[in-house]
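Have a look at model-v2.txt; it's compact mmCIF, N, CA and C atoms:
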# COMPACT_ATOMS: atom_id res chain seq x y z
N MET A 1 8.07 -35.18 52.50
CA MET A 1 7.59 -34.20 51.53
C MET A 1 7.43 -32.85 52.21
N ILE A 2 7.52 -31.82 51.41
CA ILE A 2 7.44 -30.44 51.90
C ILE A 2 6.25 -29.74 51.27
N LYS A 3 5.45 -29.11 52.11
CA LYS A 3 4.33 -28.28 51.64
C LYS A 3 4.80 -26.83 51.69
N HIS A 4 4.60 -26.11 50.58
CA HIS A 4 5.01 -24.71 50.43
C HIS A 4 3.73 -23.91 50.18
N ILE A 5 3.43 -22.97 51.09
CA ILE A 5 2.21 -22.17 50.97
C ILE A 5 2.59 -20.69 50.97
N VAL A 6 2.02 -19.96 50.01
CA VAL A 6 2.26 -18.53 49.88
C VAL A 6 0.91 -17.83 49.74
N LEU A 7 0.75 -16.71 50.45
CA LEU A 7 -0.44 -15.88 50.32
C LEU A 7 0.00 -14.48 49.92
N TRP A 8 -0.74 -13.88 48.99
CA TRP A 8 -0.42 -12.52 48.54
C TRP A 8 -1.61 -11.60 48.66
N LYS A 9 -1.31 -10.33 48.93
CA LYS A 9 -2.25 -9.24 48.76
C LYS A 9 -1.71 -8.42 47.59
N PHE A 10 -2.58 -8.12 46.65
CA PHE A 10 -2.18 -7.42 45.44
C PHE A 10 -2.55 -5.93 45.52
N LEU A 11 -1.74 -5.11 44.87
CA LEU A 11 -2.05 -3.70 44.72
C LEU A 11 -3.29 -3.54 43.85
N ASP A 12 -4.06 -2.48 44.07
CA ASP A 12 -5.25 -2.27 43.25
C ASP A 12 -4.89 -2.07 41.78
N GLU A 13 -3.77 -1.40 41.53
CA GLU A 13 -3.26 -1.22 40.17
C GLU A 13 -1.74 -1.27 40.22
N ALA A 14 -1.15 -1.94 39.23
CA ALA A 14 0.31 -2.00 39.13
C ALA A 14 0.70 -2.52 37.75
N GLU A 15 1.81 -2.05 37.25
CA GLU A 15 2.34 -2.50 35.96
C GLU A 15 1.31 -2.36 34.84
N GLY A 16 0.44 -1.35 34.94
CA GLY A 16 -0.56 -1.08 33.91
C GLY A 16 -1.76 -2.01 33.93
N HIS A 17 -1.94 -2.75 35.03
CA HIS A 17 -3.04 -3.70 35.13
C HIS A 17 -3.81 -3.53 36.44
N THR A 18 -5.06 -3.97 36.43
CA THR A 18 -5.85 -3.98 37.65
C THR A 18 -5.41 -5.14 38.54
N LYS A 19 -5.89 -5.15 39.76
CA LYS A 19 -5.61 -6.24 40.69
C LYS A 19 -6.04 -7.58 40.07
N GLU A 20 -7.24 -7.63 39.54
CA GLU A 20 -7.75 -8.88 38.95
C GLU A 20 -6.89 -9.34 37.78
N GLU A 21 -6.51 -8.40 36.93
CA GLU A 21 -5.65 -8.76 35.80
C GLU A 21 -4.30 -9.29 36.28
N ASN A 22 -3.73 -8.64 37.29
CA ASN A 22 -2.43 -9.10 37.80
C ASN A 22 -2.54 -10.47 38.47
N MET A 23 -3.63 -10.73 39.15
CA MET A 23 -3.80 -12.07 39.71
C MET A 23 -3.88 -13.11 38.61
N ASP A 24 -4.56 -12.80 37.52
CA ASP A 24 -4.64 -13.72 36.39
C ASP A 24 -3.27 -13.93 35.74
N ILE A 25 -2.51 -12.85 35.61
CA ILE A 25 -1.16 -12.94 35.03
C ILE A 25 -0.27 -13.82 35.92
N VAL A 26 -0.32 -13.60 37.21
CA VAL A 26 0.50 -14.40 38.13
C VAL A 26 0.09 -15.87 38.06
N ARG A 27 -1.21 -16.14 38.05
CA ARG A 27 -1.68 -17.52 37.94
C ARG A 27 -1.15 -18.17 36.65
N GLU A 28 -1.27 -17.47 35.56
CA GLU A 28 -0.80 -18.01 34.27
C GLU A 28 0.70 -18.28 34.29
N ARG A 29 1.47 -17.34 34.82
CA ARG A 29 2.92 -17.49 34.82
C ARG A 29 3.38 -18.61 35.76
N LEU A 30 2.73 -18.74 36.90
CA LEU A 30 3.09 -19.84 37.81
C LEU A 30 2.68 -21.18 37.23
N THR A 31 1.51 -21.25 36.64
CA THR A 31 1.05 -22.50 36.02
C THR A 31 1.99 -22.91 34.89
N ALA A 32 2.52 -21.95 34.17
CA ALA A 32 3.44 -22.23 33.07
C ALA A 32 4.75 -22.85 33.55
N LEU A 33 5.05 -22.75 34.85
CA LEU A 33 6.27 -23.35 35.39
C LEU A 33 6.18 -24.87 35.52
N LEU A 34 4.97 -25.41 35.56
CA LEU A 34 4.80 -26.84 35.82
C LEU A 34 5.58 -27.73 34.86
N PRO A 35 5.49 -27.53 33.54
CA PRO A 35 6.29 -28.39 32.65
C PRO A 35 7.78 -28.05 32.63
N ILE A 36 8.13 -26.88 33.14
CA ILE A 36 9.52 -26.42 33.11
C ILE A 36 10.29 -26.90 34.34
N ILE A 37 9.60 -26.99 35.48
CA ILE A 37 10.25 -27.36 36.75
C ILE A 37 9.60 -28.64 37.27
N PRO A 38 10.11 -29.78 36.88
CA PRO A 38 9.49 -31.05 37.27
C PRO A 38 9.61 -31.39 38.76
N LEU A 39 10.35 -30.60 39.51
CA LEU A 39 10.47 -30.82 40.95
C LEU A 39 9.15 -30.54 41.68
N ILE A 40 8.25 -29.80 41.05
CA ILE A 40 6.94 -29.49 41.64
C ILE A 40 6.08 -30.74 41.58
N ARG A 41 5.71 -31.29 42.74
CA ARG A 41 4.92 -32.53 42.80
C ARG A 41 3.42 -32.27 42.76
N SER A 42 2.98 -31.19 43.39
CA SER A 42 1.57 -30.80 43.29
C SER A 42 1.50 -29.29 43.31
N PHE A 43 0.38 -28.77 42.78
CA PHE A 43 0.26 -27.34 42.55
C PHE A 43 -1.22 -26.96 42.62
N GLU A 44 -1.51 -25.98 43.46
CA GLU A 44 -2.85 -25.41 43.53
C GLU A 44 -2.69 -23.90 43.67
N ILE A 45 -3.54 -23.15 42.98
CA ILE A 45 -3.52 -21.70 43.10
C ILE A 45 -4.95 -21.21 42.98
N GLY A 46 -5.32 -20.23 43.78
CA GLY A 46 -6.68 -19.74 43.72
C GLY A 46 -6.83 -18.37 44.34
N LYS A 47 -7.90 -17.69 43.92
CA LYS A 47 -8.25 -16.37 44.44
C LYS A 47 -9.18 -16.53 45.64
N ASP A 48 -9.03 -15.62 46.58
CA ASP A 48 -9.89 -15.60 47.76
C ASP A 48 -11.34 -15.38 47.35
N ILE A 49 -12.25 -16.09 48.02
CA ILE A 49 -13.68 -15.93 47.72
C ILE A 49 -14.45 -15.24 48.84
N LEU A 50 -13.85 -15.09 50.02
CA LEU A 50 -14.56 -14.48 51.15
C LEU A 50 -14.39 -12.96 51.20
N HIS A 51 -13.22 -12.47 50.84
CA HIS A 51 -12.92 -11.04 50.86
C HIS A 51 -13.15 -10.42 52.24
N SER A 52 -12.75 -11.13 53.28
CA SER A 52 -12.87 -10.60 54.64
C SER A 52 -11.68 -9.69 54.95
N ASP A 53 -11.75 -9.01 56.07
CA ASP A 53 -10.66 -8.13 56.48
C ASP A 53 -9.35 -8.89 56.67
N MET A 54 -9.44 -10.15 57.01
CA MET A 54 -8.23 -10.96 57.25
C MET A 54 -7.77 -11.73 56.02
N SER A 55 -8.52 -11.68 54.95
CA SER A 55 -8.20 -12.46 53.75
C SER A 55 -7.03 -11.87 52.98
N TYR A 56 -6.27 -12.76 52.38
CA TYR A 56 -5.31 -12.38 51.35
C TYR A 56 -6.00 -12.62 50.01
N ASP A 57 -5.47 -12.03 48.94
CA ASP A 57 -6.14 -12.09 47.64
C ASP A 57 -5.97 -13.42 46.91
N MET A 58 -4.81 -14.06 47.08
CA MET A 58 -4.51 -15.28 46.33
C MET A 58 -3.63 -16.19 47.16
N ALA A 59 -3.83 -17.50 46.97
CA ALA A 59 -3.02 -18.49 47.67
C ALA A 59 -2.37 -19.44 46.67
N LEU A 60 -1.15 -19.84 46.98
CA LEU A 60 -0.42 -20.84 46.21
C LEU A 60 -0.03 -21.96 47.17
N ILE A 61 -0.32 -23.20 46.78
CA ILE A 61 0.05 -24.36 47.58
C ILE A 61 0.79 -25.33 46.67
N MET A 62 2.02 -25.66 47.05
CA MET A 62 2.84 -26.57 46.26
C MET A 62 3.41 -27.65 47.18
N THR A 63 3.74 -28.78 46.58
CA THR A 63 4.39 -29.86 47.30
C THR A 63 5.68 -30.23 46.58
N PHE A 64 6.73 -30.46 47.38
CA PHE A 64 8.03 -30.88 46.87
C PHE A 64 8.48 -32.12 47.65
N ASP A 65 9.33 -32.91 47.03
CA ASP A 65 9.83 -34.12 47.70
C ASP A 65 10.76 -33.80 48.87
N SER A 66 11.47 -32.68 48.80
CA SER A 66 12.48 -32.38 49.82
C SER A 66 12.74 -30.88 49.90
N MET A 67 13.43 -30.48 50.96
CA MET A 67 13.84 -29.08 51.10
C MET A 67 14.80 -28.69 49.98
N GLU A 68 15.60 -29.64 49.54
CA GLU A 68 16.53 -29.37 48.43
C GLU A 68 15.76 -29.05 47.15
N ASP A 69 14.68 -29.78 46.91
CA ASP A 69 13.86 -29.50 45.72
C ASP A 69 13.20 -28.14 45.82
N LEU A 70 12.69 -27.79 47.00
CA LEU A 70 12.10 -26.47 47.20
C LEU A 70 13.14 -25.38 46.99
N ALA A 71 14.33 -25.59 47.52
CA ALA A 71 15.41 -24.61 47.35
C ALA A 71 15.78 -24.45 45.88
N ALA A 72 15.81 -25.55 45.15
CA ALA A 72 16.12 -25.49 43.71
C ALA A 72 15.02 -24.74 42.96
N TYR A 73 13.78 -24.94 43.34
CA TYR A 73 12.65 -24.22 42.73
C TYR A 73 12.79 -22.73 42.96
N LYS A 74 13.11 -22.36 44.18
CA LYS A 74 13.19 -20.93 44.52
C LYS A 74 14.24 -20.18 43.72
N VAL A 75 15.33 -20.84 43.36
CA VAL A 75 16.39 -20.16 42.61
C VAL A 75 16.34 -20.43 41.11
N HIS A 76 15.38 -21.25 40.68
CA HIS A 76 15.27 -21.55 39.25
C HIS A 76 15.03 -20.23 38.49
N PRO A 77 15.75 -20.00 37.40
CA PRO A 77 15.63 -18.73 36.66
C PRO A 77 14.21 -18.40 36.21
N GLU A 78 13.44 -19.40 35.82
CA GLU A 78 12.07 -19.12 35.38
C GLU A 78 11.18 -18.73 36.56
N HIS A 79 11.39 -19.35 37.70
CA HIS A 79 10.65 -18.94 38.91
C HIS A 79 11.06 -17.53 39.31
N GLN A 80 12.33 -17.21 39.21
CA GLN A 80 12.81 -15.88 39.56
C GLN A 80 12.13 -14.80 38.72
N LYS A 81 11.90 -15.08 37.44
CA LYS A 81 11.20 -14.12 36.57
C LYS A 81 9.79 -13.86 37.09
N VAL A 82 9.08 -14.91 37.45
CA VAL A 82 7.73 -14.75 37.99
C VAL A 82 7.79 -13.99 39.30
N SER A 83 8.71 -14.35 40.15
CA SER A 83 8.85 -13.71 41.46
C SER A 83 9.11 -12.21 41.32
N GLU A 84 9.93 -11.83 40.38
CA GLU A 84 10.21 -10.41 40.16
C GLU A 84 8.94 -9.65 39.76
N TYR A 85 8.10 -10.27 38.92
CA TYR A 85 6.85 -9.63 38.55
C TYR A 85 5.93 -9.50 39.77
N VAL A 86 5.81 -10.57 40.53
CA VAL A 86 4.93 -10.57 41.70
C VAL A 86 5.35 -9.47 42.67
N LYS A 87 6.64 -9.27 42.86
CA LYS A 87 7.11 -8.22 43.77
C LYS A 87 6.61 -6.84 43.35
N LYS A 88 6.41 -6.63 42.07
CA LYS A 88 5.96 -5.33 41.55
C LYS A 88 4.46 -5.12 41.71
N VAL A 89 3.70 -6.19 41.85
CA VAL A 89 2.24 -6.06 41.84
C VAL A 89 1.58 -6.42 43.18
N ARG A 90 2.38 -6.78 44.16
CA ARG A 90 1.82 -7.15 45.47
C ARG A 90 2.13 -6.08 46.51
N CYS A 91 1.30 -6.06 47.55
CA CYS A 91 1.57 -5.17 48.67
C CYS A 91 1.72 -5.96 49.96
N GLY A 92 1.56 -7.27 49.88
CA GLY A 92 1.74 -8.11 51.05
C GLY A 92 2.01 -9.55 50.65
N ARG A 93 2.79 -10.24 51.48
CA ARG A 93 3.11 -11.65 51.21
C ARG A 93 3.44 -12.33 52.53
N VAL A 94 2.89 -13.51 52.72
CA VAL A 94 3.27 -14.37 53.82
C VAL A 94 3.45 -15.77 53.27
N SER A 95 4.28 -16.55 53.93
CA SER A 95 4.50 -17.92 53.47
C SER A 95 4.84 -18.82 54.64
N THR A 96 4.69 -20.12 54.40
CA THR A 96 5.12 -21.12 55.35
C THR A 96 5.50 -22.37 54.59
N ASP A 97 6.43 -23.11 55.15
CA ASP A 97 6.87 -24.38 54.58
C ASP A 97 6.92 -25.39 55.72
N PHE A 98 6.38 -26.60 55.49
CA PHE A 98 6.39 -27.59 56.56
C PHE A 98 6.45 -29.00 55.99
N VAL A 99 6.86 -29.91 56.83
CA VAL A 99 6.98 -31.32 56.45
C VAL A 99 5.62 -31.97 56.55
N ILE A 100 5.28 -32.76 55.53
CA ILE A 100 4.03 -33.54 55.58
C ILE A 100 4.34 -35.01 55.55
Give the structure from this file in structure tokens form.
Amino acid sequence: MIKHIVLWKFLDEAEGHTKEENMDIVRERLTALLPIIPLIRSFEIGKDILHSDMSYDMALIMTFDSMEDLAAYKVHPEHQKVSEYVKKVRCGRVSTDFVI
């Protein structure tokens, strides 16, 4: 199995919304992918609660059966739509993928 983790820092304002509103929009849009992309085995998303200098604003943790499933998720047209929005409202992103 593959664990996929993404952390984002959001712009204070973008696309006519505040940082908080954009985090909610991203959460809603990613959650909406669950019934559309059955390759996703587990899904967690949440906002940072510490707000330290080293914190990112939001984290996404997903599990896939294989690297092929993760690759299929990344190019899925519905995921691409969400990704394009996130690119407009974030100012930082880091990710990691590993075998569990």
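Rounded to one decimal, CA of Ser66 in chain A and atom N of Asp24 in chain A lie 28.7 Å from each other.
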key: Computed interatomic separation between CA of Cys91 in chain A and CA of Glu78 in chain A (Å)   =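 Computed distance, CA of Cys91 in chain A to CA of Glu78 in chain A, equals 21.9 Å.
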key: Distance query Lys74 in chain A at most 12 Å, only C-alpha atoms, self and fewer than 5 positions along chain excluded, as a PyMOL selection string   = chain A and resi 4+33+37+39-40+62+64+67-69+79-84
request  = Excluding range 42-47 of chain A and any residue of its chain fewer than 2 positions from it, enumerate the residues within 6 Å of it, using all atoms listed in the file, and give them as JSON, numbers by chain.
outcome  = {"A": [40, 49, 57, 58, 59, 60, 61, 62, 63, 64]}
ask   = For the atom pair CA of Ser95 in chain A and atom C of Val6 in chain A, what is the interatomic distance in Å to one decimal place?
value = 5.2 Å
